[in-house]
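Worksheet: one structure, shown below.
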Amino acid sequence: MPAVRITKRAVDEMPLPQTGATRSYLWDDRLKGFGVMATAGGAKSYIVQYRIGGRGGQTRRVTIGGHGSPWTAERARERAHDILEDVRKGIDPFEAQRVRVEQERAAKRNAADAKVANERLNFASYADSYLSKYARVRQKPNVARETQGIIERDLKPFFKDKLISQITPADALALIDKVQERSNSAALKVYRTMSTLFGWAASRHDISDSPIRNLKPPHVQPSRDRVLSDDELRAIWDASEDHPYPYGSLVRLLALTGQRLREVANMTWDEVDLNAGTWTVPGARTKNGATNIVPLSDGAMVVLRSISRAHSEKAREQKRADFVFTTTGKSAFSGFSKLKKRFDASVHAKLVEAAKKAGGDPDAVKLKPWRLHDLRRTMATGLQRLGVRLEVTEAVLNHVSGSRSGIIGIYQRHNYLPEKRNALEKWSRLVFEILAVTGAGHNVVRLRKQRSSKR
């Protein structure tokens, strides 16, 4: 076909390949090497044909683009002119195009790899992987639950979707400082959780090093040996009766049962049998994973029967947990640290009041720092004071250690339920004797009346 001026009309009217042919060509009569290629299917593309190395060189063709937007005849002509100018300079556009195509493909591959990496290595997703592949596999159930709580409450909202490889020591320190404003113990838990999580990431070569490897712990946990005195226990109990449900009732039940804070706080009514006087803590909620039957003393029964069950009917209708300690009816009470300072002020006031009545110096009264967990240790010490055998005390505390570990623990399957009930009744009586010294505890009279009616 003779060369013509390549225009839109000329391209539109260009005949397609004859029968048996796969392509046909139309060449421009002004810009040598610039042309249009048509396929039997009707596709038309602008091309440039050239030789590298003179007459004896190899003939090559480079496709500019398909006929139509954005490649009009005039824009294709301009591009062809630039390509032919490169040829004149000794630049092979075919090779340049090949390199460009390979670069584009590599860029797409890299973008796809980056997308996958972002989805896997952004903190929120990576933390979920850590929980499923490490925490729930390697940690005890209660520890894994606490780990998840720390990650959901503190780590995820802070790091969000930031890549774990981009988290710096400064980022980690900023989070620790923020949490430490709430409490030292919470900051220490965040530090330990990050240490384990980032250590796991480093062991999998997802990061080169843990960002907190050279950071010191934010707080040294004091030795957990605090045992409350009788005066302190009396003041705590009396203060609890001035604080509304659920905090006050929770404190009293902690004092009487000696069970762990989270186990009591997450108690549900279906775990409690008021007729049998027992509370069954399922293994999924205990520290050692073992189901624990806690006999309820007279004092513990008084506390539980004083609690309203206003949310129970709706909980049953909606088939969800019916929590004993709740403010919403939908979740267990958890605002311990928020109320602790206010509660401590009440406890201090009770100690001051007791000092005044005893003729002491109220200004000399100081409340040493204490934790709700100290109620558990105080009860354990009280059982020793009452002459309860060590293995019974450990059974009450649901400890699998000391006298109940090793070969004895393997062959001795006695659950100590009668002994536990006796021990907790003794402890309950001792608590109310302590309260009765100064008339503290508004429930003392009511408890005595209940005992008399039973007899």
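In the structure tokens, each chain is lettered A, B, ... as it comes, each chain's residues begin at 1, and ligands are numbered from 1 in order of appearance.
Here the residues within segment 317-369 of chain A that DSSP labels alpha helix (DSSP H) on the basis of the backbone are Glu317, Phe336, Ser337, Lys338, Leu339, Lys340, Lys341, Arg342, Phe343, Asp344, Ala345, Ser346, Val347, His348, Ala349, Lys350, Leu351, Val352, Glu353, Ala354, Ala355, Lys356 and Lys357 of chain A.
Of the residues in segment 253-389 of chain A, those given strand (DSSP E or B) by DSSP on the backbone are Thr268, Val272, Asp273, Thr278, Trp279, Thr280, Val281, Asn292, Ile293, Val294, Pro295 and Phe323 of chain A.
Comparing the minimum interatomic distances between Val392 of chain A and each of A:Pro282, A:Pro418, A:Gly359, A:Gly53, counting only C-alpha atoms, we find that A:Pro418 sits nearest.
Using only C-alpha atoms, the smallest distance between any of A:Ala10, A:Ile52, A:Ala358, A:Ala423 and Gly387 of chain A comes from A:Ala423.
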>> With only C-alpha atoms as the counted atoms, please give the residues lying no more than 10 Å from Lys350 of chain A, apart from itself and same-chain residues fewer than 2 positions off, as a ChimeraX atom specification.
In response: /A:231-232,234-239,344-348,352-356,440
Compile a residue-level contact table for segment 211-287 of chain A against segment 291-302 of chain A at a cut-off of 9 Å, reporting for every qualifying residue the shortest atom pair and its distance in Å to one decimal, with only C-alpha atoms counted, rows ordered by chain and ascending number, as a Markdown table.
```
| residue | atom | partner | partner_atom | distance |
| --- | --- | --- | --- | --- |
| A:Arg252 | CA | A:Ala300 | CA | 8.0 |
| A:Leu253 | CA | A:Ala300 | CA | 6.0 |
| A:Leu256 | CA | A:Ala300 | CA | 6.1 |
| A:Thr257 | CA | A:Ala300 | CA | 7.1 |
| A:Gln259 | CA | A:Val294 | CA | 8.6 |
| A:Leu274 | CA | A:Met301 | CA | 7.4 |
| A:Ala276 | CA | A:Pro295 | CA | 8.6 |
| A:Gly277 | CA | A:Leu296 | CA | 5.0 |
| A:Thr278 | CA | A:Pro295 | CA | 4.5 |
| A:Trp279 | CA | A:Val294 | CA | 5.0 |
| A:Thr280 | CA | A:Ile293 | CA | 4.4 |
| A:Val281 | CA | A:Asn292 | CA | 5.1 |
| A:Pro282 | CA | A:Thr291 | CA | 4.7 |
| A:Gly283 | CA | A:Thr291 | CA | 4.1 |
| A:Ala284 | CA | A:Thr291 | CA | 7.8 |
| A:Arg285 | CA | A:Thr291 | CA | 8.3 |
| A:Thr286 | CA | A:Thr291 | CA | 6.9 |
```
> Of the candidates A:Asp322, A:Asp242, A:Glu74, A:Glu119, which shows the shortest atom-to-atom distance to Thr268 of chain A, using only C-alpha atoms?
Replying inline: A:Asp322
>> At a cut-off of 12 Å, using only C-alpha atoms, what residues contact segment 388-390 of chain A? Leave out same-chain residues fewer than 3 positions from it and give the result as a VMD selection string.
In response: chain A and resid 379 to 385 393 to 397 399 to 404 416 419 to 427
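Reported to one decimal place, the separation of atom CA of Phe323 of chain A from atom CA of Asp273 of chain A is 14.1 Å.
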Excluding Arg75 of chain A and its own-chain neighbours fewer than 6 positions away, which residues fall within 10 Å of it when counting only C-alpha atoms? Please give them as a PDB file with N, CA and C atoms, in the first residue's frame.
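around_34.pdb written:
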```pdb
ATOM      1  N   ILE A  64       3.765   2.316  19.668  1.00  0.00           N
ATOM      2  CA  ILE A  64       3.523   3.542  20.438  1.00  0.00           C
ATOM      3  C   ILE A  64       2.262   3.408  21.273  1.00  0.00           C
ATOM      4  N   SER A  69      -8.103   7.476  21.951  1.00  0.00           N
ATOM      5  CA  SER A  69      -7.610   8.184  23.129  1.00  0.00           C
ATOM      6  C   SER A  69      -6.713   7.256  23.969  1.00  0.00           C
ATOM      7  N   HIS A  81       8.441  10.886  16.272  1.00  0.00           N
ATOM      8  CA  HIS A  81       9.568  11.784  15.995  1.00  0.00           C
ATOM      9  C   HIS A  81      10.613  11.688  17.107  1.00  0.00           C
TER      10      HIS A  81
END
```
> Skipping near chain neighbours, those fewer than 4 positions away, what residues fall within 10 Å of segment 152-168 of chain A using only C-alpha atoms, listed as a PyMOL selection string?
Replying inline: chain A and resi 117-128+146-148+172-176+178-179+186-187+190+193-194+198+201-202+206-212
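Here atom CA of Val431 of chain A is placed at a distance of 15.7 Å from atom CA of Leu250 of chain A.
The space between atom CA of Pro246 of chain A and atom CA of Ser312 of chain A spans 15.1 Å.
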